[in-house]
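Okay, model-v5.pdb is below, PDB, C-alpha atoms and all ligand atoms:
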```
ATOM      1  CA  MET A   1     -55.652  26.191  20.596  1.00  0.00           C
ATOM      2  CA  THR A   2     -57.681  25.845  17.416  1.00  0.00           C
ATOM      3  CA  VAL A   3     -58.105  28.500  14.752  1.00  0.00           C
ATOM      4  CA  ASP A   4     -59.599  28.678  11.277  1.00  0.00           C
ATOM      5  CA  VAL A   5     -57.154  30.038   8.737  1.00  0.00           C
ATOM      6  CA  PRO A   6     -58.886  31.433   5.643  1.00  0.00           C
ATOM      7  CA  ASP A   7     -56.008  31.676   3.180  1.00  0.00           C
ATOM      8  CA  ALA A   8     -52.268  31.287   2.659  1.00  0.00           C
ATOM      9  CA  ASP A   9     -51.449  34.841   3.801  1.00  0.00           C
ATOM     10  CA  ALA A  10     -53.259  34.236   7.065  1.00  0.00           C
ATOM     11  CA  MET A  11     -51.305  30.987   7.448  1.00  0.00           C
ATOM     12  CA  ARG A  12     -48.059  32.973   7.060  1.00  0.00           C
ATOM     13  CA  ARG A  13     -49.261  35.505   9.649  1.00  0.00           C
ATOM     14  CA  LEU A  14     -49.994  32.659  12.043  1.00  0.00           C
ATOM     15  CA  GLY A  15     -46.480  31.311  11.480  1.00  0.00           C
ATOM     16  CA  ALA A  16     -44.928  34.723  12.084  1.00  0.00           C
ATOM     17  CA  ARG A  17     -46.855  35.108  15.310  1.00  0.00           C
ATOM     18  CA  LEU A  18     -45.902  31.612  16.379  1.00  0.00           C
ATOM     19  CA  ALA A  19     -42.250  32.569  15.805  1.00  0.00           C
ATOM     20  CA  THR A  20     -42.475  35.182  18.559  1.00  0.00           C
ATOM     21  CA  LEU A  21     -42.919  32.302  21.042  1.00  0.00           C
ATOM     22  CA  LEU A  22     -39.988  30.275  19.747  1.00  0.00           C
ATOM     23  CA  ARG A  23     -36.396  30.203  20.925  1.00  0.00           C
ATOM     24  CA  ALA A  24     -33.283  28.130  20.297  1.00  0.00           C
ATOM     25  CA  GLY A  25     -33.812  24.459  21.068  1.00  0.00           C
ATOM     26  CA  ASP A  26     -37.542  24.509  20.383  1.00  0.00           C
ATOM     27  CA  LEU A  27     -39.211  21.871  18.253  1.00  0.00           C
ATOM     28  CA  VAL A  28     -42.416  22.282  16.251  1.00  0.00           C
ATOM     29  CA  LEU A  29     -44.035  19.287  14.551  1.00  0.00           C
ATOM     30  CA  LEU A  30     -46.403  19.958  11.663  1.00  0.00           C
ATOM     31  CA  ARG A  31     -48.896  17.335  10.665  1.00  0.00           C
ATOM     32  CA  GLY A  32     -51.351  17.435   7.830  1.00  0.00           C
ATOM     33  CA  PRO A  33     -51.989  15.884   4.431  1.00  0.00           C
ATOM     34  CA  LEU A  34     -50.296  16.833   1.171  1.00  0.00           C
ATOM     35  CA  GLY A  35     -50.916  20.487   0.371  1.00  0.00           C
ATOM     36  CA  ALA A  36     -52.358  21.212   3.825  1.00  0.00           C
ATOM     37  CA  GLY A  37     -50.257  24.347   4.197  1.00  0.00           C
ATOM     38  CA  LYS A  38     -47.361  23.095   6.318  1.00  0.00           C
ATOM     39  CA  THR A  39     -44.661  24.754   4.231  1.00  0.00           C
ATOM     40  CA  THR A  40     -46.757  27.935   4.050  1.00  0.00           C
ATOM     41  CA  LEU A  41     -46.818  28.052   7.855  1.00  0.00           C
ATOM     42  CA  VAL A  42     -43.032  27.517   7.992  1.00  0.00           C
ATOM     43  CA  GLN A  43     -42.591  30.470   5.604  1.00  0.00           C
ATOM     44  CA  GLY A  44     -44.331  32.617   8.200  1.00  0.00           C
ATOM     45  CA  VAL A  45     -42.151  31.213  10.973  1.00  0.00           C
ATOM     46  CA  GLY A  46     -39.077  32.043   8.872  1.00  0.00           C
ATOM     47  CA  ASP A  47     -40.307  35.612   8.351  1.00  0.00           C
ATOM     48  CA  GLY A  48     -41.077  35.982  12.037  1.00  0.00           C
ATOM     49  CA  LEU A  49     -37.653  34.679  13.083  1.00  0.00           C
ATOM     50  CA  GLY A  50     -35.929  36.900  10.537  1.00  0.00           C
ATOM     51  CA  VAL A  51     -33.976  34.121   8.846  1.00  0.00           C
ATOM     52  CA  ARG A  52     -32.582  34.025   5.331  1.00  0.00           C
ATOM     53  CA  GLY A  53     -35.105  32.610   2.883  1.00  0.00           C
ATOM     54  CA  PRO A  54     -36.701  31.472   0.870  1.00  0.00           C
ATOM     55  CA  VAL A  55     -38.436  28.704   2.798  1.00  0.00           C
ATOM     56  CA  THR A  56     -39.552  26.139   0.232  1.00  0.00           C
ATOM     57  CA  SER A  57     -40.661  22.522   0.233  1.00  0.00           C
ATOM     58  CA  PRO A  58     -37.693  20.469   1.406  1.00  0.00           C
ATOM     59  CA  THR A  59     -38.612  17.633  -0.935  1.00  0.00           C
ATOM     60  CA  PHE A  60     -35.192  16.542  -2.104  1.00  0.00           C
ATOM     61  CA  ILE A  61     -33.301  17.122   1.088  1.00  0.00           C
ATOM     62  CA  ILE A  62     -34.046  16.094   4.625  1.00  0.00           C
ATOM     63  CA  ALA A  63     -33.206  19.323   6.411  1.00  0.00           C
ATOM     64  CA  ARG A  64     -32.577  22.885   5.278  1.00  0.00           C
ATOM     65  CA  HIS A  65     -30.748  25.374   7.439  1.00  0.00           C
ATOM     66  CA  HIS A  66     -31.812  29.051   7.353  1.00  0.00           C
ATOM     67  CA  PRO A  67     -29.351  31.293   9.212  1.00  0.00           C
ATOM     68  CA  SER A  68     -30.681  34.248  11.142  1.00  0.00           C
ATOM     69  CA  LEU A  69     -30.311  37.722   9.648  1.00  0.00           C
ATOM     70  CA  CYS A  70     -30.863  39.417  13.005  1.00  0.00           C
ATOM     71  CA  GLY A  71     -28.731  37.603  15.562  1.00  0.00           C
ATOM     72  CA  GLY A  72     -31.471  35.180  16.580  1.00  0.00           C
ATOM     73  CA  PRO A  73     -31.639  31.403  16.299  1.00  0.00           C
ATOM     74  CA  PRO A  74     -31.472  29.796  12.844  1.00  0.00           C
ATOM     75  CA  LEU A  75     -34.413  27.863  11.441  1.00  0.00           C
ATOM     76  CA  LEU A  76     -33.951  24.183  10.684  1.00  0.00           C
ATOM     77  CA  HIS A  77     -36.729  23.086   8.316  1.00  0.00           C
ATOM     78  CA  VAL A  78     -37.033  19.312   8.157  1.00  0.00           C
ATOM     79  CA  ASP A  79     -38.955  17.011   5.840  1.00  0.00           C
ATOM     80  CA  ALA A  80     -39.676  14.004   8.016  1.00  0.00           C
ATOM     81  CA  TYR A  81     -41.429  12.079   5.255  1.00  0.00           C
ATOM     82  CA  ARG A  82     -37.964  10.937   4.282  1.00  0.00           C
ATOM     83  CA  LEU A  83     -36.723  10.468   7.787  1.00  0.00           C
ATOM     84  CA  GLY A  84     -36.890   7.051   9.405  1.00  0.00           C
ATOM     85  CA  SER A  85     -36.564   8.104  13.019  1.00  0.00           C
ATOM     86  CA  TRP A  86     -35.790  11.053  15.226  1.00  0.00           C
ATOM     87  CA  ALA A  87     -32.390   9.530  15.969  1.00  0.00           C
ATOM     88  CA  GLU A  88     -31.621   9.729  12.258  1.00  0.00           C
ATOM     89  CA  LEU A  89     -32.095  13.491  12.354  1.00  0.00           C
ATOM     90  CA  GLU A  90     -29.876  13.806  15.404  1.00  0.00           C
ATOM     91  CA  ASP A  91     -27.233  11.763  13.573  1.00  0.00           C
ATOM     92  CA  LEU A  92     -27.152  14.055  10.540  1.00  0.00           C
ATOM     93  CA  ASP A  93     -24.267  16.461  10.326  1.00  0.00           C
ATOM     94  CA  LEU A  94     -26.439  19.551  10.684  1.00  0.00           C
ATOM     95  CA  GLU A  95     -25.062  23.065  10.327  1.00  0.00           C
ATOM     96  CA  ALA A  96     -26.432  23.976  13.721  1.00  0.00           C
ATOM     97  CA  SER A  97     -27.307  21.558  16.488  1.00  0.00           C
ATOM     98  CA  LEU A  98     -30.926  21.008  17.426  1.00  0.00           C
ATOM     99  CA  ASP A  99     -30.154  22.890  20.647  1.00  0.00           C
ATOM    100  CA  GLU A 100     -29.092  26.015  18.778  1.00  0.00           C
ATOM    101  CA  ALA A 101     -31.864  26.119  16.189  1.00  0.00           C
ATOM    102  CA  VAL A 102     -35.609  26.419  16.048  1.00  0.00           C
ATOM    103  CA  THR A 103     -36.503  23.097  14.425  1.00  0.00           C
ATOM    104  CA  VAL A 104     -39.713  22.801  12.428  1.00  0.00           C
ATOM    105  CA  VAL A 105     -40.570  19.370  11.083  1.00  0.00           C
ATOM    106  CA  GLU A 106     -43.103  18.591   8.355  1.00  0.00           C
ATOM    107  CA  TRP A 107     -44.258  15.279   9.567  1.00  0.00           C
ATOM    108  CA  GLY A 108     -46.391  12.464   8.258  1.00  0.00           C
ATOM    109  CA  GLU A 109     -47.998  10.211  10.784  1.00  0.00           C
ATOM    110  CA  GLY A 110     -44.805   8.279  11.331  1.00  0.00           C
ATOM    111  CA  PHE A 111     -42.421   7.931  14.219  1.00  0.00           C
ATOM    112  CA  VAL A 112     -42.972   9.296  17.692  1.00  0.00           C
ATOM    113  CA  GLU A 113     -40.352   7.283  19.480  1.00  0.00           C
ATOM    114  CA  GLY A 114     -37.339   9.214  20.657  1.00  0.00           C
ATOM    115  CA  LEU A 115     -38.938  12.582  20.045  1.00  0.00           C
ATOM    116  CA  ALA A 116     -38.053  15.500  22.260  1.00  0.00           C
ATOM    117  CA  ALA A 117     -40.208  15.644  25.386  1.00  0.00           C
ATOM    118  CA  ASP A 118     -40.935  19.345  24.787  1.00  0.00           C
ATOM    119  CA  ARG A 119     -42.614  20.210  21.528  1.00  0.00           C
ATOM    120  CA  LEU A 120     -45.437  22.063  19.858  1.00  0.00           C
ATOM    121  CA  GLU A 121     -47.658  19.842  17.764  1.00  0.00           C
ATOM    122  CA  VAL A 122     -49.497  21.575  14.936  1.00  0.00           C
ATOM    123  CA  ARG A 123     -52.236  19.811  12.995  1.00  0.00           C
ATOM    124  CA  ILE A 124     -53.567  21.315   9.803  1.00  0.00           C
ATOM    125  CA  SER A 125     -56.743  20.047   8.187  1.00  0.00           C
ATOM    126  CA  ARG A 126     -59.438  21.223   5.879  1.00  0.00           C
ATOM    127  CA  ALA A 127     -62.219  22.873   7.912  1.00  0.00           C
ATOM    128  CA  ALA A 128     -65.277  20.739   8.599  1.00  0.00           C
ATOM    129  CA  ASP A 129     -67.358  22.481   5.949  1.00  0.00           C
ATOM    130  CA  HIS A 130     -64.659  21.605   3.428  1.00  0.00           C
ATOM    131  CA  ALA A 131     -64.522  17.965   4.429  1.00  0.00           C
ATOM    132  CA  THR A 132     -65.468  16.844   0.943  1.00  0.00           C
ATOM    133  CA  PRO A 133     -62.392  17.098  -1.234  1.00  0.00           C
ATOM    134  CA  VAL A 134     -62.615  20.195  -3.390  1.00  0.00           C
ATOM    135  CA  ARG A 135     -60.894  19.924  -6.745  1.00  0.00           C
ATOM    136  CA  HIS A 136     -59.249  23.208  -7.633  1.00  0.00           C
ATOM    137  CA  ALA A 137     -55.856  24.709  -8.274  1.00  0.00           C
ATOM    138  CA  ASP A 138     -53.483  24.294  -5.362  1.00  0.00           C
ATOM    139  CA  ASP A 139     -53.316  27.964  -4.445  1.00  0.00           C
ATOM    140  CA  THR A 140     -57.050  28.675  -4.352  1.00  0.00           C
ATOM    141  CA  PRO A 141     -57.876  30.084  -0.898  1.00  0.00           C
ATOM    142  CA  ASP A 142     -59.431  27.346   1.156  1.00  0.00           C
ATOM    143  CA  VAL A 143     -60.075  27.393   4.907  1.00  0.00           C
ATOM    144  CA  ARG A 144     -57.748  25.273   7.000  1.00  0.00           C
ATOM    145  CA  THR A 145     -58.283  24.400  10.626  1.00  0.00           C
ATOM    146  CA  VAL A 146     -55.080  24.610  12.639  1.00  0.00           C
ATOM    147  CA  THR A 147     -54.763  23.057  16.083  1.00  0.00           C
ATOM    148  CA  ILE A 148     -51.660  23.742  18.166  1.00  0.00           C
ATOM    149  CA  SER A 149     -50.950  21.678  21.278  1.00  0.00           C
ATOM    150  CA  ALA A 150     -48.110  22.201  23.686  1.00  0.00           C
ATOM    151  CA  VAL A 151     -46.335  19.131  25.034  1.00  0.00           C
ATOM    152  CA  GLY A 152     -43.856  19.115  27.914  1.00  0.00           C
ATOM    153  CA  PRO A 153     -42.657  21.409  30.702  1.00  0.00           C
ATOM    154  CA  ARG A 154     -41.082  23.958  28.320  1.00  0.00           C
ATOM    155  CA  TRP A 155     -44.581  25.046  27.292  1.00  0.00           C
ATOM    156  CA  ARG A 156     -46.346  24.753  30.626  1.00  0.00           C
ATOM    157  CA  ARG A 157     -46.593  28.498  31.177  1.00  0.00           C
ATOM    158  CA  THR A 158     -47.169  29.516  27.584  1.00  0.00           C
ATOM    159  CA  ASP A 159     -50.578  30.831  26.591  1.00  0.00           C
ATOM    160  CA  LEU A 160     -51.211  29.929  22.961  1.00  0.00           C
ATOM    161  CA  SER A 161     -54.602  31.604  22.745  1.00  0.00           C
ATOM    162  CA  PRO A 162     -53.288  35.007  21.474  1.00  0.00           C
ATOM    163  CA  LEU A 163     -52.329  33.178  18.275  1.00  0.00           C
ATOM    164  CA  ARG A 164     -56.003  32.857  17.519  1.00  0.00           C
ATOM    165  CA  SER A 165     -56.742  36.556  17.292  1.00  0.00           C
ATOM    166  CA  LEU A 166     -54.766  37.937  14.406  1.00  0.00           C
ATOM    167  CA  VAL A 167     -55.369  35.345  11.748  1.00  0.00           C
ATOM    168  CA  GLY A 168     -58.743  36.314  10.350  1.00  0.00           C
TER     169      GLY A 168
HETATM  170  N1  LIG B   1     -55.894  28.579   4.225  1.00  0.00           N
HETATM  171  C1  LIG B   1     -54.763  28.198   3.602  1.00  0.00           C
HETATM  172  N2  LIG B   1     -53.655  27.999   4.332  1.00  0.00           N
HETATM  173  C2  LIG B   1     -52.500  27.586   3.738  1.00  0.00           C
HETATM  174  N3  LIG B   1     -52.361  27.353   2.427  1.00  0.00           N
HETATM  175  C3  LIG B   1     -53.451  27.543   1.647  1.00  0.00           C
HETATM  176  C4  LIG B   1     -54.686  27.967   2.200  1.00  0.00           C
HETATM  177  N4  LIG B   1     -55.573  28.047   1.197  1.00  0.00           N
HETATM  178  C5  LIG B   1     -54.922  27.698   0.083  1.00  0.00           C
HETATM  179  N5  LIG B   1     -53.634  27.397   0.333  1.00  0.00           N
HETATM  180  C6  LIG B   1     -52.653  26.940  -0.667  1.00  0.00           C
HETATM  181  O1  LIG B   1     -52.425  25.569  -0.417  1.00  0.00           O
HETATM  182  C7  LIG B   1     -51.076  25.231  -0.726  1.00  0.00           C
HETATM  183  C8  LIG B   1     -50.390  24.655   0.503  1.00  0.00           C
HETATM  184  O2  LIG B   1     -49.141  24.181   0.106  1.00  0.00           O
HETATM  185  P1  LIG B   1     -47.965  23.830   1.122  1.00  0.00           P
HETATM  186  O3  LIG B   1     -46.787  23.516   0.282  1.00  0.00           O
HETATM  187  O4  LIG B   1     -47.836  24.871   2.168  1.00  0.00           O
HETATM  188  O5  LIG B   1     -48.550  22.501   1.773  1.00  0.00           O
HETATM  189  P2  LIG B   1     -47.754  21.338   2.530  1.00  0.00           P
HETATM  190  O6  LIG B   1     -48.632  20.894   3.636  1.00  0.00           O
HETATM  191  O7  LIG B   1     -46.382  21.818   2.881  1.00  0.00           O
HETATM  192  O8  LIG B   1     -47.664  20.212   1.430  1.00  0.00           O
HETATM  193  P3  LIG B   1     -46.654  18.967   1.343  1.00  0.00           P
HETATM  194  O9  LIG B   1     -47.330  17.843   2.058  1.00  0.00           O
HETATM  195  O10 LIG B   1     -46.541  18.722  -0.120  1.00  0.00           O
HETATM  196  O11 LIG B   1     -45.355  19.369   1.978  1.00  0.00           O
HETATM  197  C9  LIG B   1     -50.406  26.516  -1.209  1.00  0.00           C
HETATM  198  O12 LIG B   1     -50.453  26.549  -2.602  1.00  0.00           O
HETATM  199  C10 LIG B   1     -51.290  27.604  -0.590  1.00  0.00           C
HETATM  200  O13 LIG B   1     -51.278  28.795  -1.350  1.00  0.00           O
HETATM  201 MG    MG B   2     -44.537  21.065   2.471  1.00  0.00          MG
END
```

Take the structure in the file and write it out as structure tokens.
Ligand SMILES: Nc1ncnc2c1ncn2[C@@H]1O[C@H](COP(=O)(O)OP(=O)(O)OP(=O)(O)O)[C@@H](O)[C@H]1O
Ligand SMILES: [Mg+2]
Amino acid sequence: MTVDVPDADAMRRLGARLATLLRAGDLVLLRGPLGAGKTTLVQGVGDGLGVRGPVTSPTFIIARHHPSLCGGPPLLHVDAYRLGSWAELEDLDLEASLDEAVTVVEWGEGFVEGLAADRLEVRISRAADHATPVRHADDTPDVRTVTISAVGPRWRRTDLSPLRSLVG
């Protein structure tokens, strides 16, 4: 599933829609360069799940726990840039276990070993026509291309294509 996302609000809408597919125990990996819009997407997921915010860049901590405000699963927002391995995350004394939370990981290109077999992998990049780096303020609207792939039996029956429709 690939979709062009024109601005940050559309990225949040995509996240909120994605949240409707997520349940406790799910894992979403976000890949993309600095400033790609990973945290912006997680803000939408947080809104969609109805968890306590705000969702911000988890730069100085490895994982931030957002409890649900509506009886649903909490959101665990992880910065994997500072994480050495998946096992390290499992070893942390988290407020909710990975089985109880929706876990969303901002990921570099690092480790794959030991990752959960079931996961959604989200890649965010500048759209092809923006391939040349554009120098402007961080929050200037700029099209991102988002590709979501489902890995593992958990997602076998899930149709991701409806996510495409409401972004533009
Ligand atoms: N189409 C778009 N989608 C998402 N964000 C956009 C878009 N256009 C512009 N932006 C802006 O780009 C910035 C994305 O920042 P964000 O913190 O979400 O990126 P990030 O991938 O989490 O970065 P980092 O690698 O530092 O964690 C925000 O300031 C946002 O407003
Ligand atoms: Mg971020």

Two-atom distance - atom CA of A:Gly71, atom C8 of ligand LIG 1 (chain B) (Å): 29.4 Å

Residue with smallest distance to ligand LIG 1 (chain B) - pool A:Cys70, A:Leu21, A:Leu75, A:Leu29, counting all atoms listed in the file: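 Going through A:Cys70, A:Leu21, A:Leu75, A:Leu29 one by one, the smallest distance to ligand LIG 1 (chain B) is for A:Leu29.
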
All residues 9 Å or closer to A:Ala116, only C-alpha atoms, same chain fewer than 3 positions away omitted, as a PyMOL selection string: chain A and resi 27+86+113+119+152

Those same residues - C-alpha atoms - I'd like them written as a PDB file, in the coordinates of the input.
```pdb
ATOM      1  CA  LEU A  27     -39.211  21.871  18.253  1.00  0.00           C
ATOM      2  CA  TRP A  86     -35.790  11.053  15.226  1.00  0.00           C
ATOM      3  CA  GLU A 113     -40.352   7.283  19.480  1.00  0.00           C
ATOM      4  CA  ARG A 119     -42.614  20.210  21.528  1.00  0.00           C
ATOM      5  CA  GLY A 152     -43.856  19.115  27.914  1.00  0.00           C
TER       6      GLY A 152
END
```

Environment of ligand MG 2 (chain B) within 9 Å, counting only C-alpha atoms and all ligand atoms, reported as a PyMOL selection string: chain A and resi 34-40+42+56-59+79+106

Please save C-alpha atoms of the selected residues as a PDB file, keeping the file's coordinate frame.
```pdb
ATOM      1  CA  LEU A  34     -50.296  16.833   1.171  1.00  0.00           C
ATOM      2  CA  GLY A  35     -50.916  20.487   0.371  1.00  0.00           C
ATOM      3  CA  ALA A  36     -52.358  21.212   3.825  1.00  0.00           C
ATOM      4  CA  GLY A  37     -50.257  24.347   4.197  1.00  0.00           C
ATOM      5  CA  LYS A  38     -47.361  23.095   6.318  1.00  0.00           C
ATOM      6  CA  THR A  39     -44.661  24.754   4.231  1.00  0.00           C
ATOM      7  CA  THR A  40     -46.757  27.935   4.050  1.00  0.00           C
ATOM      8  CA  VAL A  42     -43.032  27.517   7.992  1.00  0.00           C
ATOM      9  CA  THR A  56     -39.552  26.139   0.232  1.00  0.00           C
ATOM     10  CA  SER A  57     -40.661  22.522   0.233  1.00  0.00           C
ATOM     11  CA  PRO A  58     -37.693  20.469   1.406  1.00  0.00           C
ATOM     12  CA  THR A  59     -38.612  17.633  -0.935  1.00  0.00           C
ATOM     13  CA  ASP A  79     -38.955  17.011   5.840  1.00  0.00           C
ATOM     14  CA  GLU A 106     -43.103  18.591   8.355  1.00  0.00           C
TER      15      GLU A 106
END
```

A:Arg144, A:Arg52, A:Arg31, A:Arg154 ranked by distance to ligand LIG 1 (chain B), top pick (using only C-alpha atoms and all ligand atoms): A:Arg144

Using all atoms of ligand LIG 1 (chain B) that appear in the file, construct an axis-aligned enclosing box with 3 Å of padding on every side and provide its centre coordinates and edge lengths in Å, rounded to one decimal, as AutoDock Vina command-line options.
```
--center_x -50.6 --center_y 23.3 --center_z 0.9 --size_x 16.5 --size_y 17.0 --size_z 12.9
```

Atom CA of A:Val102 to atom CA of A:Asp142, distance in Å rounded to a single decimal: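 Atom CA of A:Asp142 lies at a distance of 28.1 Å from atom CA of A:Val102.
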
Name every residue that the PyMOL selection byres (((chain A and resi 62) around 12) and not hetatm) selects in this structure, writing the answer as a PDB file with C-alpha atoms, keeping the file's coordinate frame with chains first and numbers rising.
```
ATOM      1  CA  SER A  57     -40.661  22.522   0.233  1.00  0.00           C
ATOM      2  CA  PRO A  58     -37.693  20.469   1.406  1.00  0.00           C
ATOM      3  CA  THR A  59     -38.612  17.633  -0.935  1.00  0.00           C
ATOM      4  CA  PHE A  60     -35.192  16.542  -2.104  1.00  0.00           C
ATOM      5  CA  ILE A  61     -33.301  17.122   1.088  1.00  0.00           C
ATOM      6  CA  ALA A  63     -33.206  19.323   6.411  1.00  0.00           C
ATOM      7  CA  ARG A  64     -32.577  22.885   5.278  1.00  0.00           C
ATOM      8  CA  HIS A  65     -30.748  25.374   7.439  1.00  0.00           C
ATOM      9  CA  LEU A  76     -33.951  24.183  10.684  1.00  0.00           C
ATOM     10  CA  HIS A  77     -36.729  23.086   8.316  1.00  0.00           C
ATOM     11  CA  VAL A  78     -37.033  19.312   8.157  1.00  0.00           C
ATOM     12  CA  ASP A  79     -38.955  17.011   5.840  1.00  0.00           C
ATOM     13  CA  ALA A  80     -39.676  14.004   8.016  1.00  0.00           C
ATOM     14  CA  TYR A  81     -41.429  12.079   5.255  1.00  0.00           C
ATOM     15  CA  ARG A  82     -37.964  10.937   4.282  1.00  0.00           C
ATOM     16  CA  LEU A  83     -36.723  10.468   7.787  1.00  0.00           C
ATOM     17  CA  GLY A  84     -36.890   7.051   9.405  1.00  0.00           C
ATOM     18  CA  SER A  85     -36.564   8.104  13.019  1.00  0.00           C
ATOM     19  CA  TRP A  86     -35.790  11.053  15.226  1.00  0.00           C
ATOM     20  CA  GLU A  88     -31.621   9.729  12.258  1.00  0.00           C
ATOM     21  CA  LEU A  89     -32.095  13.491  12.354  1.00  0.00           C
ATOM     22  CA  GLU A  90     -29.876  13.806  15.404  1.00  0.00           C
ATOM     23  CA  LEU A  92     -27.152  14.055  10.540  1.00  0.00           C
ATOM     24  CA  ASP A  93     -24.267  16.461  10.326  1.00  0.00           C
ATOM     25  CA  LEU A  94     -26.439  19.551  10.684  1.00  0.00           C
ATOM     26  CA  VAL A 104     -39.713  22.801  12.428  1.00  0.00           C
ATOM     27  CA  VAL A 105     -40.570  19.370  11.083  1.00  0.00           C
ATOM     28  CA  GLU A 106     -43.103  18.591   8.355  1.00  0.00           C
ATOM     29  CA  TRP A 107     -44.258  15.279   9.567  1.00  0.00           C
TER      30      TRP A 107
END
```

Any idea what's packed within 10 Å of A:Val45, counting only C-alpha atoms, ignoring anything in its chain fewer than 6 positions away? Could you give it as a PDB file with C-alpha atoms, in the coordinates of the input?
```
ATOM      1  CA  MET A  11     -51.305  30.987   7.448  1.00  0.00           C
ATOM      2  CA  ARG A  12     -48.059  32.973   7.060  1.00  0.00           C
ATOM      3  CA  ARG A  13     -49.261  35.505   9.649  1.00  0.00           C
ATOM      4  CA  LEU A  14     -49.994  32.659  12.043  1.00  0.00           C
ATOM      5  CA  GLY A  15     -46.480  31.311  11.480  1.00  0.00           C
ATOM      6  CA  ALA A  16     -44.928  34.723  12.084  1.00  0.00           C
ATOM      7  CA  ARG A  17     -46.855  35.108  15.310  1.00  0.00           C
ATOM      8  CA  LEU A  18     -45.902  31.612  16.379  1.00  0.00           C
ATOM      9  CA  ALA A  19     -42.250  32.569  15.805  1.00  0.00           C
ATOM     10  CA  THR A  20     -42.475  35.182  18.559  1.00  0.00           C
ATOM     11  CA  LEU A  22     -39.988  30.275  19.747  1.00  0.00           C
ATOM     12  CA  THR A  39     -44.661  24.754   4.231  1.00  0.00           C
ATOM     13  CA  VAL A  51     -33.976  34.121   8.846  1.00  0.00           C
ATOM     14  CA  VAL A  55     -38.436  28.704   2.798  1.00  0.00           C
ATOM     15  CA  LEU A  75     -34.413  27.863  11.441  1.00  0.00           C
ATOM     16  CA  VAL A 102     -35.609  26.419  16.048  1.00  0.00           C
ATOM     17  CA  VAL A 104     -39.713  22.801  12.428  1.00  0.00           C
TER      18      VAL A 104
END
```

Within 8 Å of file point (-56.5, 31.6, 10.0), counting all atoms listed in the file, expressed as a PyMOL selection string: chain A and resi 3-7+10-11+14+143-146+164+166-168

Got time to write the residues from that selection, C-alpha atoms, as a compact mmCIF listing (two decimals), keeping the file's coordinate frame?
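Result file follows (selection_12.txt):
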```txt
# COMPACT_ATOMS: atom_id res chain seq x y z
CA VAL A 3 -58.10 28.50 14.75
CA ASP A 4 -59.60 28.68 11.28
CA VAL A 5 -57.15 30.04 8.74
CA PRO A 6 -58.89 31.43 5.64
CA ASP A 7 -56.01 31.68 3.18
CA ALA A 10 -53.26 34.24 7.06
CA MET A 11 -51.30 30.99 7.45
CA LEU A 14 -49.99 32.66 12.04
CA VAL A 143 -60.08 27.39 4.91
CA ARG A 144 -57.75 25.27 7.00
CA THR A 145 -58.28 24.40 10.63
CA VAL A 146 -55.08 24.61 12.64
CA ARG A 164 -56.00 32.86 17.52
CA LEU A 166 -54.77 37.94 14.41
CA VAL A 167 -55.37 35.34 11.75
CA GLY A 168 -58.74 36.31 10.35
```
